[in-house]
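Read through the structure below, which is laid out as structure tokens, and then see the notes.
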Amino acid sequence: IIVKPDGSANVQDAINAADAAGIPVVTVLTDEADTSRKSFVGINSYQLGTTYGRQVLQCIGEDTRQITVLLNNGDSGKDLIFKELKTVVQDGLSEEQAGTVQIDPLTIIAGSTFDEEEVIRDLFNEEAGRPDILVCMNERDSVSAYNAMVDYNQVGDVDIIGYYQSDTMLDAVQKGTVPMVITLDTDQMGRCSVEALEEYYSMGYTSNYFSVDLNIITQQNAGDY
């Protein structure tokens with residue numbers, strides 16, 4: 001079984017039950033390290049936080065005051081991702097910028113898609129809390145943020161750093177309304193997942209972790225995707 005866990009106890013129990021029945025399980029994107037899964041294929045939190053931090057630094061300008069990082073309470077490693085992102089950004093700021101730029105997390109409680117969209121739309125609707133740079137860490141939040149930015153006429157005023165090459169985000173990057181999107185090598189993820197299972201079947205064990213590469217999509221290379 002190759003599965004992306006959702007953090008629920010039901011999925012954790014299912015992973016353990018599959019293993020007990022002799023069925024190896026590989027987790028992708030989101031890990032369940034405390035289960036009996038055989039391997040995890042994805043991105044480590046340190047790597048993701050560092051990559052996001054470097055992209056944020058490219059978007060910071062003289063007028064940048066507020067950077068908001070959207071986190072989902074169901075995402076594993078979210079605290080480490082934010083910590084590393086913040087460290088990279090703070091280390092890259094000038095002394096003058098360090099005193100004026102604020103970096104804050106906004107944790108969205110996993111629920112209905114409508115509730116998550118409302119939280120994001122409120123960010124654009126209320127001027128007091130509106131960020132200059134908004135960092136999104138999943139595809140759904142990225143699309144919701146882009147749609148809200150367009151609906152509230154904030155194109156050019158808010159820079160969104162999106163996640164994954166959905167049609168919506170690729171179109172936004174090509175138009176220049178979103179500066180960049182971070183995505184993972186999905187081909188590599190698929191190959192590693194199958195390799196992990198093949199290794200386990202042939203040798204009785206496999207690597208605990210397979211790291212997947214991250215790619216940065218910009219207006220210059222969006223056509224390649």
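Identifiers for the structure tokens are assigned positionally: chains receive A, B, ... in sequence, residues are indexed from 1 per chain, and ligands are indexed from 1 in the order shown.
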
Give me the segment 164-186 of chain A side of the contact with segment 44-54 of chain A, cut-off 12 Å, one line per residue showing its nearest atom pair and distance in Å at one decimal, counting only C-alpha atoms, sorted by chain and residue number, as a tab-separated table.
residue	atom	partner	partner_atom	distance
A:Met180	CA	A:Tyr52	CA	10.4
A:Val181	CA	A:Tyr52	CA	9.7
A:Ile182	CA	A:Tyr52	CA	7.8
A:Thr183	CA	A:Leu48	CA	10.2
A:Leu184	CA	A:Leu48	CA	10.0

key: Residues within 12 Å of segment 122-134 of chain A, only C-alpha atoms, excluding chain neighbours under 2 positions, as a PyMOL selection string   = chain A and resi 52-53+55-71+101-106+115-120+136-137+141-142+144-163+178-181

request  = Tell me which protein, DNA and RNA residues are within 10 Å of segment 38-40 of chain A, counting only C-alpha atoms, leaving out same-chain ones fewer than 6 positions away, and put them as a list in words.
outcome  = Ile2, Val3, Lys4, Ile15, Asp19, Ile23, Pro24, Val25, Val26, Thr27, Val28, Leu29, Thr30, Asp31, Glu32, Cys192, Ser193, Ala196, Leu197, Tyr200, Tyr205, Thr206, Ser207, Asn208, Tyr209, Phe210 and Ser211 of chain A

Write out the residues from the selection above, keeping N, CA, C and O atoms, as a JSON list (two decimals), in the first residue's frame.
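Output file again_0.json is given in full below:
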[["chain", "number", "residue", "atom", "x", "y", "z"],
["A", 2, "ILE", "N", 0.55, 2.19, -0.85],
["A", 2, "ILE", "CA", 1.19, 3.51, -0.86],
["A", 2, "ILE", "C", 0.10, 4.52, -0.49],
["A", 2, "ILE", "O", -0.92, 4.59, -1.16],
["A", 3, "VAL", "N", 0.30, 5.27, 0.58],
["A", 3, "VAL", "CA", -0.78, 6.11, 1.10],
["A", 3, "VAL", "C", -0.24, 7.45, 1.61],
["A", 3, "VAL", "O", 0.87, 7.54, 2.13],
["A", 4, "LYS", "N", -1.05, 8.50, 1.42],
["A", 4, "LYS", "CA", -0.78, 9.78, 2.07],
["A", 4, "LYS", "C", -1.68, 9.88, 3.29],
["A", 4, "LYS", "O", -2.89, 10.10, 3.16],
["A", 15, "ILE", "N", -2.78, 1.33, 8.91],
["A", 15, "ILE", "CA", -1.39, 1.05, 8.55],
["A", 15, "ILE", "C", -0.86, -0.12, 9.39],
["A", 15, "ILE", "O", -0.25, -1.06, 8.87],
["A", 19, "ASP", "N", 0.19, -3.97, 8.12],
["A", 19, "ASP", "CA", 1.50, -4.57, 8.42],
["A", 19, "ASP", "C", 1.33, -5.91, 9.14],
["A", 19, "ASP", "O", 2.03, -6.87, 8.83],
["A", 23, "ILE", "N", 1.14, -6.93, 4.80],
["A", 23, "ILE", "CA", 1.09, -5.99, 3.68],
["A", 23, "ILE", "C", 1.97, -4.77, 4.01],
["A", 23, "ILE", "O", 1.63, -4.01, 4.93],
["A", 24, "PRO", "N", 3.07, -4.58, 3.33],
["A", 24, "PRO", "CA", 3.93, -3.42, 3.62],
["A", 24, "PRO", "C", 3.27, -2.11, 3.20],
["A", 24, "PRO", "O", 2.56, -2.07, 2.19],
["A", 25, "VAL", "N", 3.51, -1.07, 3.97],
["A", 25, "VAL", "CA", 2.93, 0.25, 3.70],
["A", 25, "VAL", "C", 4.04, 1.28, 3.56],
["A", 25, "VAL", "O", 4.95, 1.35, 4.39],
["A", 26, "VAL", "N", 3.94, 2.09, 2.51],
["A", 26, "VAL", "CA", 4.82, 3.23, 2.30],
["A", 26, "VAL", "C", 3.98, 4.50, 2.40],
["A", 26, "VAL", "O", 2.95, 4.61, 1.74],
["A", 27, "THR", "N", 4.41, 5.45, 3.24],
["A", 27, "THR", "CA", 3.70, 6.72, 3.35],
["A", 27, "THR", "C", 4.37, 7.75, 2.44],
["A", 27, "THR", "O", 5.60, 7.75, 2.29],
["A", 28, "VAL", "N", 3.55, 8.63, 1.84],
["A", 28, "VAL", "CA", 4.08, 9.68, 0.97],
["A", 28, "VAL", "C", 3.58, 11.04, 1.43],
["A", 28, "VAL", "O", 2.48, 11.17, 1.95],
["A", 29, "LEU", "N", 4.44, 12.04, 1.29],
["A", 29, "LEU", "CA", 4.14, 13.45, 1.61],
["A", 29, "LEU", "C", 3.97, 13.70, 3.10],
["A", 29, "LEU", "O", 4.58, 14.62, 3.66],
["A", 30, "THR", "N", 3.12, 12.93, 3.75],
["A", 30, "THR", "CA", 2.91, 13.07, 5.19],
["A", 30, "THR", "C", 3.29, 11.75, 5.86],
["A", 30, "THR", "O", 2.83, 10.70, 5.44],
["A", 31, "ASP", "N", 4.13, 11.83, 6.89],
["A", 31, "ASP", "CA", 4.62, 10.60, 7.50],
["A", 31, "ASP", "C", 3.79, 10.20, 8.71],
["A", 31, "ASP", "O", 3.08, 11.03, 9.31],
["A", 32, "GLU", "N", 3.86, 8.93, 9.04],
["A", 32, "GLU", "CA", 3.31, 8.40, 10.30],
["A", 32, "GLU", "C", 4.40, 7.53, 10.92],
["A", 32, "GLU", "O", 4.35, 6.30, 10.90],
["A", 192, "CYS", "N", 10.28, 6.35, -6.21],
["A", 192, "CYS", "CA", 10.82, 5.97, -4.91],
["A", 192, "CYS", "C", 9.84, 5.11, -4.12],
["A", 192, "CYS", "O", 10.25, 4.19, -3.40],
["A", 193, "SER", "N", 8.56, 5.41, -4.25],
["A", 193, "SER", "CA", 7.54, 4.64, -3.53],
["A", 193, "SER", "C", 7.55, 3.18, -3.99],
["A", 193, "SER", "O", 7.51, 2.25, -3.18],
["A", 196, "ALA", "N", 10.78, 1.40, -2.91],
["A", 196, "ALA", "CA", 10.75, 1.01, -1.50],
["A", 196, "ALA", "C", 10.04, -0.33, -1.33],
["A", 196, "ALA", "O", 10.50, -1.20, -0.58],
["A", 197, "LEU", "N", 8.93, -0.50, -2.02],
["A", 197, "LEU", "CA", 8.19, -1.76, -1.93],
["A", 197, "LEU", "C", 8.98, -2.90, -2.57],
["A", 197, "LEU", "O", 9.02, -4.02, -2.04],
["A", 200, "TYR", "N", 11.70, -3.99, -0.25],
["A", 200, "TYR", "CA", 11.18, -4.75, 0.89],
["A", 200, "TYR", "C", 10.85, -6.18, 0.48],
["A", 200, "TYR", "O", 11.16, -7.14, 1.20],
["A", 205, "TYR", "N", 13.71, -5.73, 3.83],
["A", 205, "TYR", "CA", 13.84, -4.43, 4.49],
["A", 205, "TYR", "C", 14.00, -3.37, 3.41],
["A", 205, "TYR", "O", 14.29, -3.68, 2.26],
["A", 206, "THR", "N", 13.84, -2.11, 3.80],
["A", 206, "THR", "CA", 14.03, -1.01, 2.86],
["A", 206, "THR", "C", 14.45, 0.23, 3.64],
["A", 206, "THR", "O", 14.39, 0.26, 4.87],
["A", 207, "SER", "N", 14.89, 1.25, 2.93],
["A", 207, "SER", "CA", 15.30, 2.50, 3.57],
["A", 207, "SER", "C", 14.12, 3.12, 4.31],
["A", 207, "SER", "O", 12.99, 3.11, 3.81],
["A", 208, "ASN", "N", 14.41, 3.69, 5.46],
["A", 208, "ASN", "CA", 13.35, 4.31, 6.27],
["A", 208, "ASN", "C", 12.82, 5.58, 5.63],
["A", 208, "ASN", "O", 11.67, 5.95, 5.85],
["A", 209, "TYR", "N", 13.66, 6.25, 4.82],
["A", 209, "TYR", "CA", 13.28, 7.56, 4.28],
["A", 209, "TYR", "C", 13.87, 7.75, 2.89],
["A", 209, "TYR", "O", 15.05, 7.50, 2.67],
["A", 210, "PHE", "N", 13.04, 8.20, 1.95],
["A", 210, "PHE", "CA", 13.47, 8.59, 0.61],
["A", 210, "PHE", "C", 13.18, 10.07, 0.45],
["A", 210, "PHE", "O", 12.03, 10.50, 0.57],
["A", 211, "SER", "N", 14.20, 10.87, 0.16],
["A", 211, "SER", "CA", 14.02, 12.31, -0.01],
["A", 211, "SER", "C", 13.67, 12.65, -1.45],
["A", 211, "SER", "O", 14.30, 12.16, -2.39]]

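The closest residue to Tyr164 of chain A, picked from A:Gln97, A:Gln220, A:Asn215, A:Thr87 and counting only C-alpha atoms, is A:Asn215.
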
Atom CA of Ile43 of chain A to atom CA of Ile1 of chain A, distance in Å rounded to a single decimal =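 Separation of atom CA of Ile43 of chain A and atom CA of Ile1 of chain A: 19.3 Å.
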
task = Pull the strand (DSSP E or B) assignments for segment 6-122 of chain A out of DSSP run on the backbone, and list those residues as a list in words.
result =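 Everything in segment 6-122 of chain A that counts as strand (DSSP E or B) is Val26, Thr27, Val28, Ser39, Phe40, Val41, Gly42, Gln66, Ile67, Thr68, Val69, Leu70, Leu71, Asn72, Gln102, Ile103, Asp104, Pro105, Leu106, Thr107 and Ile108 of chain A.
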
Print the selection's residues with N, CA, C and O atoms to a file, as a short mmCIF file (atom, residue, chain, number, x, y, z; two decimals), in the first residue's frame.
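Writing the result to selection-v1.cif gives the following:
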data_model
loop_
_atom_site.label_atom_id
_atom_site.label_comp_id
_atom_site.auth_asym_id
_atom_site.auth_seq_id
_atom_site.Cartn_x
_atom_site.Cartn_y
_atom_site.Cartn_z
N VAL A 26 3.94 2.09 2.51
CA VAL A 26 4.82 3.23 2.30
C VAL A 26 3.98 4.50 2.40
O VAL A 26 2.95 4.61 1.74
N THR A 27 4.41 5.45 3.24
CA THR A 27 3.70 6.72 3.35
C THR A 27 4.37 7.75 2.44
O THR A 27 5.60 7.75 2.29
N VAL A 28 3.55 8.63 1.84
CA VAL A 28 4.08 9.68 0.97
C VAL A 28 3.58 11.04 1.43
O VAL A 28 2.48 11.17 1.95
N SER A 39 8.43 2.65 5.05
CA SER A 39 9.25 3.74 4.55
C SER A 39 8.39 4.99 4.35
O SER A 39 7.17 4.90 4.20
N PHE A 40 9.06 6.14 4.37
CA PHE A 40 8.40 7.42 4.08
C PHE A 40 9.08 8.06 2.89
O PHE A 40 10.31 8.17 2.84
N VAL A 41 8.29 8.48 1.90
CA VAL A 41 8.80 9.15 0.72
C VAL A 41 8.27 10.59 0.72
O VAL A 41 7.06 10.80 0.65
N GLY A 42 9.15 11.55 0.85
CA GLY A 42 8.68 12.93 0.91
C GLY A 42 9.80 13.92 1.13
O GLY A 42 10.95 13.69 0.73
N GLN A 66 4.73 42.75 6.75
CA GLN A 66 4.09 41.56 7.33
C GLN A 66 4.23 40.36 6.41
O GLN A 66 3.84 40.40 5.24
N ILE A 67 4.78 39.28 6.96
CA ILE A 67 4.85 37.99 6.27
C ILE A 67 4.02 37.00 7.06
O ILE A 67 4.24 36.80 8.25
N THR A 68 3.03 36.41 6.41
CA THR A 68 2.16 35.43 7.07
C THR A 68 2.37 34.06 6.43
O THR A 68 2.36 33.93 5.20
N VAL A 69 2.56 33.05 7.27
CA VAL A 69 2.79 31.69 6.80
C VAL A 69 1.58 30.84 7.19
O VAL A 69 1.29 30.67 8.37
N LEU A 70 0.86 30.34 6.18
CA LEU A 70 -0.31 29.50 6.44
C LEU A 70 0.13 28.08 6.77
O LEU A 70 0.87 27.46 6.00
N LEU A 71 -0.32 27.59 7.91
CA LEU A 71 -0.01 26.22 8.33
C LEU A 71 -1.32 25.49 8.57
O LEU A 71 -2.31 26.09 8.97
N ASN A 72 -1.31 24.19 8.35
CA ASN A 72 -2.48 23.36 8.60
C ASN A 72 -2.19 22.49 9.81
O ASN A 72 -1.14 21.87 9.89
N GLN A 102 7.80 41.62 10.15
CA GLN A 102 7.21 40.67 11.10
C GLN A 102 6.85 39.38 10.37
O GLN A 102 6.27 39.40 9.28
N ILE A 103 7.22 38.24 10.97
CA ILE A 103 6.91 36.93 10.39
C ILE A 103 6.04 36.15 11.37
O ILE A 103 6.47 35.86 12.49
N ASP A 104 4.82 35.84 10.95
CA ASP A 104 3.88 35.18 11.85
C ASP A 104 3.24 33.97 11.19
O ASP A 104 2.93 34.00 9.99
N PRO A 105 3.00 32.92 11.97
CA PRO A 105 2.25 31.77 11.44
C PRO A 105 0.75 31.99 11.61
O PRO A 105 0.31 32.69 12.52
N LEU A 106 -0.02 31.40 10.72
CA LEU A 106 -1.47 31.37 10.88
C LEU A 106 -1.89 29.91 10.68
O LEU A 106 -1.85 29.40 9.56
N THR A 107 -2.25 29.25 11.76
CA THR A 107 -2.61 27.85 11.70
C THR A 107 -4.09 27.70 11.42
O THR A 107 -4.93 28.23 12.14
N ILE A 108 -4.39 27.00 10.32
CA ILE A 108 -5.78 26.76 9.93
C ILE A 108 -6.19 25.40 10.47
O ILE A 108 -5.54 24.39 10.21
#

message = List as a PyMOL selection string the protein and nucleic acid residues near Asp34 of chain A, meaning an atom at most 10 Å away when only C-alpha atoms are counted, but skip any in the same chain fewer than 3 places from it.
response = chain A and resi 12+16+31+37

Write the residues of the preceding selection, restricted to N, CA, C and O atoms, as a PDB file, in the first residue's frame.
ATOM      1  N   GLN A  12      -3.896   5.557  10.943  1.00  0.00           N
ATOM      2  CA  GLN A  12      -2.791   4.968  11.713  1.00  0.00           C
ATOM      3  C   GLN A  12      -3.090   3.508  12.050  1.00  0.00           C
ATOM      4  O   GLN A  12      -2.226   2.631  11.892  1.00  0.00           O
ATOM      5  N   ASN A  16      -1.124  -0.060  10.686  1.00  0.00           N
ATOM      6  CA  ASN A  16      -0.661  -1.131  11.579  1.00  0.00           C
ATOM      7  C   ASN A  16      -1.356  -2.456  11.264  1.00  0.00           C
ATOM      8  O   ASN A  16      -0.740  -3.524  11.315  1.00  0.00           O
ATOM      9  N   ASP A  31       4.131  11.829   6.887  1.00  0.00           N
ATOM     10  CA  ASP A  31       4.620  10.598   7.503  1.00  0.00           C
ATOM     11  C   ASP A  31       3.785  10.205   8.710  1.00  0.00           C
ATOM     12  O   ASP A  31       3.084  11.029   9.309  1.00  0.00           O
ATOM     13  N   ARG A  37       4.685   1.500   9.357  1.00  0.00           N
ATOM     14  CA  ARG A  37       4.963   1.702   7.934  1.00  0.00           C
ATOM     15  C   ARG A  37       6.431   1.362   7.680  1.00  0.00           C
ATOM     16  O   ARG A  37       7.288   1.519   8.544  1.00  0.00           O
TER      17      ARG A  37
END
